[in-house]
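Student: So here's entry.txt (compact mmCIF, C-alpha atoms).
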```txt
# COMPACT_ATOMS: atom_id res chain seq x y z
CA GLU Q 11 -131.90 169.28 75.75
CA ALA Q 12 -130.23 168.47 79.06
CA GLN Q 13 -131.40 170.99 81.60
CA VAL Q 14 -132.57 171.90 85.07
CA THR Q 15 -135.91 173.70 85.14
CA GLN Q 16 -137.48 175.70 87.95
CA ASN Q 17 -140.96 177.07 88.39
CA PRO Q 18 -142.05 179.69 88.92
CA ARG Q 19 -139.28 182.01 87.75
CA TYR Q 20 -140.71 184.94 89.67
CA LEU Q 21 -143.05 184.97 92.65
CA ILE Q 22 -144.37 187.67 94.93
CA THR Q 23 -146.24 186.42 97.96
CA VAL Q 24 -147.23 187.43 101.48
CA THR Q 25 -145.97 186.33 104.85
CA GLY Q 26 -147.33 182.98 105.98
CA LYS Q 27 -148.74 181.76 102.66
CA LYS Q 28 -147.31 178.35 101.90
CA LEU Q 29 -145.52 178.00 98.59
CA THR Q 30 -143.59 175.42 96.61
CA VAL Q 31 -140.87 176.02 94.07
CA THR Q 32 -140.46 173.07 91.75
CA CYS Q 33 -137.20 171.78 90.32
CA SER Q 34 -136.83 169.12 87.68
CA GLN Q 35 -133.84 167.68 85.83
CA ASN Q 36 -133.78 165.38 82.81
CA MET Q 37 -130.18 164.14 83.14
CA ASN Q 38 -130.80 161.22 85.50
CA HIS Q 39 -128.63 162.89 88.14
CA GLU Q 40 -128.50 161.39 91.61
CA TYR Q 41 -127.50 164.57 93.41
CA MET Q 42 -129.76 167.63 93.66
CA SER Q 43 -129.45 170.74 95.74
CA TRP Q 44 -131.08 174.06 96.55
CA TYR Q 45 -129.22 177.32 97.06
CA ARG Q 46 -130.19 180.85 97.87
CA GLN Q 47 -128.21 183.79 96.61
CA ASP Q 48 -128.16 187.09 98.45
CA PRO Q 49 -126.08 190.22 97.86
CA GLY Q 50 -122.81 190.08 99.75
CA LEU Q 51 -123.43 186.51 100.92
CA GLY Q 52 -122.98 184.55 97.72
CA LEU Q 53 -124.58 181.15 97.18
CA ARG Q 54 -125.56 179.27 100.30
CA GLN Q 55 -126.84 175.73 100.32
CA ILE Q 56 -130.29 175.15 101.81
CA TYR Q 57 -130.83 171.41 101.37
CA TYR Q 58 -129.40 168.66 99.25
CA SER Q 59 -130.31 165.14 98.21
CA MET Q 60 -127.91 162.34 97.42
CA ASN Q 61 -130.64 160.21 95.85
CA VAL Q 62 -134.34 159.35 96.04
CA GLU Q 63 -135.64 159.55 99.61
CA VAL Q 64 -132.25 160.79 100.86
CA THR Q 65 -132.15 164.45 101.87
CA ASP Q 66 -130.02 166.45 104.27
CA LYS Q 67 -129.64 169.98 105.58
CA GLY Q 68 -127.23 172.43 104.03
CA ASP Q 69 -125.97 175.61 105.64
CA VAL Q 70 -129.24 177.54 105.89
CA PRO Q 71 -132.14 175.05 106.15
CA GLU Q 72 -134.32 176.95 108.64
CA GLY Q 73 -137.77 177.72 107.25
CA TYR Q 74 -137.49 175.31 104.33
CA LYS Q 75 -138.48 171.74 103.56
CA VAL Q 76 -137.68 169.49 100.65
CA SER Q 77 -138.70 166.10 99.35
CA ARG Q 78 -137.20 163.68 96.87
CA LYS Q 79 -139.84 161.14 95.91
CA GLU Q 80 -138.62 160.80 92.35
CA LYS Q 81 -135.13 161.08 90.94
CA ARG Q 82 -135.96 163.95 88.60
CA ASN Q 83 -137.83 166.25 91.00
CA PHE Q 84 -136.69 168.12 94.09
CA PRO Q 85 -139.28 170.67 95.24
CA LEU Q 86 -138.48 173.37 97.78
CA ILE Q 87 -141.30 174.08 100.22
CA LEU Q 88 -141.75 177.18 102.34
CA GLU Q 89 -144.49 176.32 104.84
CA SER Q 90 -144.77 179.84 106.27
CA PRO Q 91 -142.66 182.27 104.25
CA SER Q 92 -141.20 185.32 105.95
CA PRO Q 93 -139.64 188.48 104.47
CA ASN Q 94 -136.12 187.26 105.28
CA GLN Q 95 -136.69 184.49 102.74
CA THR Q 96 -136.86 187.05 99.96
CA SER Q 97 -134.02 185.90 97.75
CA LEU Q 98 -132.90 184.39 94.46
CA TYR Q 99 -133.14 180.60 94.58
CA PHE Q 100 -131.25 178.13 92.45
CA CYS Q 101 -131.71 174.42 92.04
CA ALA Q 102 -128.76 172.33 90.85
CA SER Q 103 -128.13 168.71 89.96
CA SER Q 104 -125.16 166.51 89.19
CA LEU Q 105 -123.84 163.05 88.88
CA LYS Q 106 -122.20 162.44 92.22
CA ASP Q 107 -118.63 162.96 91.13
CA ASN Q 108 -119.08 165.78 88.64
CA GLU Q 109 -119.93 169.45 88.39
CA GLN Q 110 -123.38 170.71 89.32
CA PHE Q 111 -125.70 172.09 86.66
CA PHE Q 112 -127.81 175.02 87.76
CA GLY Q 113 -131.36 176.01 86.89
CA PRO Q 114 -132.28 179.54 85.74
CA GLY Q 115 -133.28 180.73 89.19
CA THR Q 116 -136.48 181.74 90.99
CA ARG Q 117 -136.75 185.26 92.33
CA LEU Q 118 -138.97 185.22 95.41
CA THR Q 119 -140.30 188.27 97.21
CA VAL Q 120 -142.14 187.82 100.50
CA LEU Q 121 -144.08 190.89 101.61
CA GLY Y 4 -115.89 173.40 108.12
CA GLU Y 5 -115.10 174.72 104.70
CA SER Y 6 -114.72 178.36 103.98
CA VAL Y 7 -113.86 180.02 100.76
CA GLY Y 8 -112.29 183.43 100.71
CA LEU Y 9 -112.25 186.02 98.05
CA HIS Y 10 -109.11 187.87 97.09
CA LEU Y 11 -110.75 190.68 95.12
CA PRO Y 12 -114.44 191.46 94.86
CA THR Y 13 -114.00 193.27 91.53
CA LEU Y 14 -111.56 193.06 88.66
CA SER Y 15 -111.42 195.39 85.69
CA VAL Y 16 -109.33 194.52 82.62
CA GLN Y 17 -108.86 195.75 79.10
CA GLU Y 18 -110.16 193.65 76.24
CA GLY Y 19 -107.41 191.35 75.05
CA ASP Y 20 -105.57 191.27 78.38
CA ASN Y 21 -105.30 188.18 80.53
CA SER Y 22 -107.42 187.99 83.70
CA ILE Y 23 -106.56 186.19 86.92
CA ILE Y 24 -109.17 185.55 89.56
CA ASN Y 25 -108.13 184.07 92.88
CA CYS Y 26 -109.68 182.04 95.66
CA ALA Y 27 -108.38 180.83 99.00
CA TYR Y 28 -109.85 177.93 100.92
CA SER Y 29 -109.37 176.44 104.36
CA ASN Y 30 -110.48 172.79 104.15
CA SER Y 31 -107.51 170.65 103.21
CA ALA Y 32 -109.85 167.66 102.77
CA SER Y 33 -111.52 169.24 99.72
CA ASP Y 34 -110.97 167.02 96.71
CA TYR Y 35 -112.71 168.80 93.87
CA PHE Y 36 -112.73 172.43 92.80
CA ILE Y 37 -114.89 174.20 90.28
CA TRP Y 38 -115.10 177.61 88.68
CA TYR Y 39 -118.49 178.97 87.70
CA LYS Y 40 -119.45 182.03 85.66
CA GLN Y 41 -122.68 183.86 86.37
CA GLU Y 42 -124.05 186.43 83.96
CA SER Y 43 -126.68 188.88 85.04
CA GLY Y 44 -130.08 187.24 85.39
CA LYS Y 45 -128.79 183.72 84.85
CA GLY Y 46 -127.78 180.73 86.90
CA PRO Y 47 -124.12 179.83 87.46
CA GLN Y 48 -122.54 178.14 84.47
CA PHE Y 49 -119.72 175.61 84.75
CA ILE Y 50 -116.39 176.78 83.33
CA ILE Y 51 -113.71 174.34 84.42
CA ASP Y 52 -112.90 171.98 87.25
CA ILE Y 53 -109.85 170.40 88.80
CA ARG Y 54 -109.38 167.51 91.18
CA SER Y 55 -106.98 167.51 94.08
CA ASN Y 56 -104.55 165.12 92.39
CA MET Y 57 -103.77 167.78 89.78
CA ASP Y 58 -102.26 171.25 90.00
CA LYS Y 59 -103.17 172.61 86.58
CA ARG Y 60 -105.88 172.09 84.03
CA GLN Y 61 -106.50 173.90 80.78
CA GLY Y 62 -109.62 174.52 78.77
CA GLN Y 63 -110.43 176.81 75.93
CA ARG Y 64 -108.87 180.17 76.93
CA VAL Y 65 -109.13 179.21 80.60
CA THR Y 66 -106.64 177.63 82.97
CA VAL Y 67 -107.21 176.61 86.56
CA LEU Y 68 -104.29 176.35 88.96
CA LEU Y 69 -104.47 174.59 92.29
CA ASN Y 70 -101.85 175.07 95.01
CA LYS Y 71 -102.74 172.68 97.81
CA THR Y 72 -99.78 173.75 99.92
CA VAL Y 73 -101.15 177.23 100.42
CA LYS Y 74 -104.78 176.27 99.71
CA HIS Y 75 -105.11 178.60 96.76
CA LEU Y 76 -107.07 178.28 93.54
CA SER Y 77 -106.92 180.59 90.54
CA LEU Y 78 -108.70 181.01 87.23
CA GLN Y 79 -106.80 182.51 84.33
CA ILE Y 80 -108.68 183.78 81.29
CA ALA Y 81 -106.57 184.46 78.23
CA ALA Y 82 -107.34 187.28 75.82
CA THR Y 83 -110.33 188.44 77.85
CA GLN Y 84 -113.35 189.44 75.77
CA PRO Y 85 -116.39 191.60 76.58
CA GLY Y 86 -118.48 188.43 76.74
CA ASP Y 87 -116.35 187.31 79.68
CA SER Y 88 -117.82 190.08 81.83
CA ALA Y 89 -119.65 188.31 84.66
CA VAL Y 90 -119.33 187.24 88.27
CA TYR Y 91 -116.96 184.32 88.76
CA PHE Y 92 -117.32 181.92 91.67
CA CYS Y 93 -114.96 179.31 92.92
CA ALA Y 94 -116.51 176.31 94.64
CA LEU Y 95 -114.97 173.46 96.51
CA ARG Y 96 -116.42 170.11 97.40
CA GLY Y 97 -116.20 168.70 100.88
CA SER Y 98 -117.97 165.82 102.54
CA ASN Y 99 -121.21 164.41 101.10
CA TYR Y 100 -120.50 166.12 97.78
CA LYS Y 101 -121.44 169.43 99.35
CA LEU Y 102 -120.25 172.47 97.44
CA THR Y 103 -119.15 175.61 99.26
CA PHE Y 104 -119.01 178.73 97.13
CA GLY Y 105 -116.88 181.81 97.36
CA LYS Y 106 -118.67 185.14 97.33
CA GLY Y 107 -117.68 185.88 93.75
CA THR Y 108 -115.50 188.29 91.78
CA LEU Y 109 -117.11 190.72 89.35
CA LEU Y 110 -115.05 190.83 86.17
CA THR Y 111 -115.52 193.86 83.96
CA VAL Y 112 -113.92 193.91 80.54
CA ASN Y 113 -113.35 197.35 79.08
CA PRO Y 114 -113.34 197.68 75.30
```
Output the file's structure as structure tokens, nothing else.
Tutor:
Amino acid sequence: EAQVTQNPRYLITVTGKKLTVTCSQNMNHEYMSWYRQDPGLGLRQIYYSMNVEVTDKGDVPEGYKVSRKEKRNFPLILESPSPNQTSLYFCASSLKDNEQFFGPGTRLTVL
Amino acid sequence: GESVGLHLPTLSVQEGDNSIINCAYSNSASDYFIWYKQESGKGPQFIIDIRSNMDKRQGQRVTVLLNKTVKHLSLQIAATQPGDSAVYFCALRGSNYKLTFGKGTLLTVNP
């Protein structure tokens, strides 16, 4: 089944404790992206990747890192999480000229 | 940069009626527009898309209209059903395949 998977789906952590949210797609998509979704603010792009080893900042990249060492994986790294990073996170992928497919979401709470 | 406005944050319709959800945008360079549906607890799901060289596209019970002159995009849902209840987002693509999302319209279908 063609899909985008994210892990974990839910995470509660404390300020400053490094964490990684994984994202994987099995559709051989070049383009991958991370979004956060917050009430009243909609979906905002954090980082995106046009292909392996090519990443760039989105609208709200502060406090996040990404890497794209393989085509299928695009992990989101929070080196020192803070409470304002409590949010619902979505990974998405696409062929460059087509619609993005979204993962199921990761709900992160930083205490 | 791109911005995507929202005409109505909520829309309530009777089952069987037609629904129209609107979006305004500001970036005239946008070449690709997408409508997504997001049900509670799930990631956004692709509904329909339209490219800038078209002004209308139809799917199953859905139609997207694009008016580039006034930078307006709309989603029409025919014979709205309770299963259509969700948040609907418009998204437009700018440079580097970056998607900018509207803040969403909550559609409620009353039986």
Student: Output the contact residues of chain Q with respect to chain Y at a cut-off of 7 Å, based on all atoms listed in the file, as a PyMOL selection string.
Tutor: chain Q and resi 50-53+106+112-115
Student: Could you save those same residues with C-alpha atoms as a short mmCIF file (atom, residue, chain, number, x, y, z; two decimals), keeping the file's coordinate frame?
Tutor:
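result.cif, written as the output of this step:
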```cif
data_model
loop_
_atom_site.label_atom_id
_atom_site.label_comp_id
_atom_site.auth_asym_id
_atom_site.auth_seq_id
_atom_site.Cartn_x
_atom_site.Cartn_y
_atom_site.Cartn_z
CA GLY Q 50 -122.81 190.08 99.75
CA LEU Q 51 -123.43 186.51 100.92
CA GLY Q 52 -122.98 184.55 97.72
CA LEU Q 53 -124.58 181.15 97.18
CA LYS Q 106 -122.20 162.44 92.22
CA PHE Q 112 -127.81 175.02 87.76
CA GLY Q 113 -131.36 176.01 86.89
CA PRO Q 114 -132.28 179.54 85.74
CA GLY Q 115 -133.28 180.73 89.19
#
```
Student: In Å, with one decimal, what is the gap from atom CA of Asn21 of chain Y to atom CA of Thr83 of chain Y?
Tutor: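 It comes out at 5.7 Å.
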Student: Give the answer as one residue: which of Q:Val70, Q:Met37, Q:Val24, Q:Val120 has the shortest atom-to-atom distance to Pro93 of chain Q, using all atoms listed in the file?
Tutor: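 Checking each of Q:Val70, Q:Met37, Q:Val24, Q:Val120 against Pro93 of chain Q, counting all atoms listed in the file, the winner is Q:Val120.
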Student: Considering all atoms listed in the file, return as a list in words whatever protein or nucleic-acid residues lie within 9 Å of Ser59 of chain Q, sequence-local ones (same chain, fewer than 2 positions apart) excluded.
Tutor: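 Non-adjacent residues within range: Glu40, Tyr41, Met42, Ser43, Tyr57, Asn61, Val62, Glu63, Val64, Thr65, Asp66, Lys67, Val76, Ser77, Arg78 and Phe84 of chain Q.
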Student: When you draw a straight line from atom CA of Tyr91 of chain Y to atom CA of Tyr20 of chain Q, how long is it in Å?
Tutor: 23.8 Å
Student: Looking at all atoms listed in the file, which of Y:Gln41, Y:Asn25, Y:Gly97, Y:Gln63 is the one that sits closest to Asp107 of chain Q?
Tutor: Y:Gly97
Student: Contacts of segment 86-91 of chain Q at 8 Å or less, counting all atoms listed in the file, minus same-chain residues fewer than 5 places along, as a PyMOL selection string?
Tutor: chain Q and resi 24-33+44+73-77+120
Student: Atom CA of Gln79 of chain Y to atom CA of Arg64 of chain Y: how many Å, to one decimal?
Tutor: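 Calculated distance between atom CA of Gln79 of chain Y and atom CA of Arg64 of chain Y is 8.0 Å.
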Student: Please determine, counting all atoms listed in the file, which residue among Q:Leu105, Q:Leu121, Q:Leu98, Q:Val14 has the shortest atom-to-atom distance to His39 of chain Q.
Tutor: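 Selected residue with least distance to His39 of chain Q: Q:Leu105.
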Student: Give me, as an NGL selection string, all polymer residues having an atom no more than 8 Å from Asp20 of chain Y, counting all atoms listed in the file and skipping those fewer than 4 positions away in the same chain.
Tutor: :Y and (16 or 81-83)
Student: From the options Y:His75, Y:Pro114, Y:Ser55, Y:Ile80, which residue's atoms come nearest to Tyr28 of chain Y, counting all atoms listed in the file?
Tutor: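 Using all atoms listed in the file, Tyr28 of chain Y sits closest to Y:His75.
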Student: Skipping near chain neighbours, those fewer than 4 positions away, what residues fall within 12 Å of Lys71 of chain Y using only C-alpha atoms, listed as a VMD selection string?
Tutor: chain Y and resid 26 to 36 53 to 59 75 to 77
Student: Kindly list the centre and edge lengths in Å, rounded to one decimal, for the axis-aligned box that covers all listed atoms of segment 12-21 of chain Q plus 5 Å on each of its six sides, as lines of an AutoDock Vina configuration file.
Tutor:
```
center_x = -136.6
center_y = 176.7
center_z = 85.9
size_x = 22.8
size_y = 26.5
size_z = 23.6
```
Student: Would you mind listing what lies within 10 Å of Asn36 of chain Q as a tab-separated table (two decimals) with C-alpha atoms, in the frame of the given file, with all atoms listed in the file counted and same-chain residues fewer than 2 positions away left out?
Tutor:
```tsv
chain	number	residue	atom	x	y	z
Q	11	GLU	CA	-131.90	169.28	75.75
Q	12	ALA	CA	-130.23	168.47	79.06
Q	13	GLN	CA	-131.40	170.99	81.60
Q	14	VAL	CA	-132.57	171.90	85.07
Q	15	THR	CA	-135.91	173.70	85.14
Q	34	SER	CA	-136.83	169.12	87.68
Q	38	ASN	CA	-130.80	161.22	85.50
Q	39	HIS	CA	-128.63	162.89	88.14
Q	81	LYS	CA	-135.13	161.08	90.94
Q	82	ARG	CA	-135.96	163.95	88.60
Q	83	ASN	CA	-137.83	166.25	91.00
Q	103	SER	CA	-128.13	168.71	89.96
```
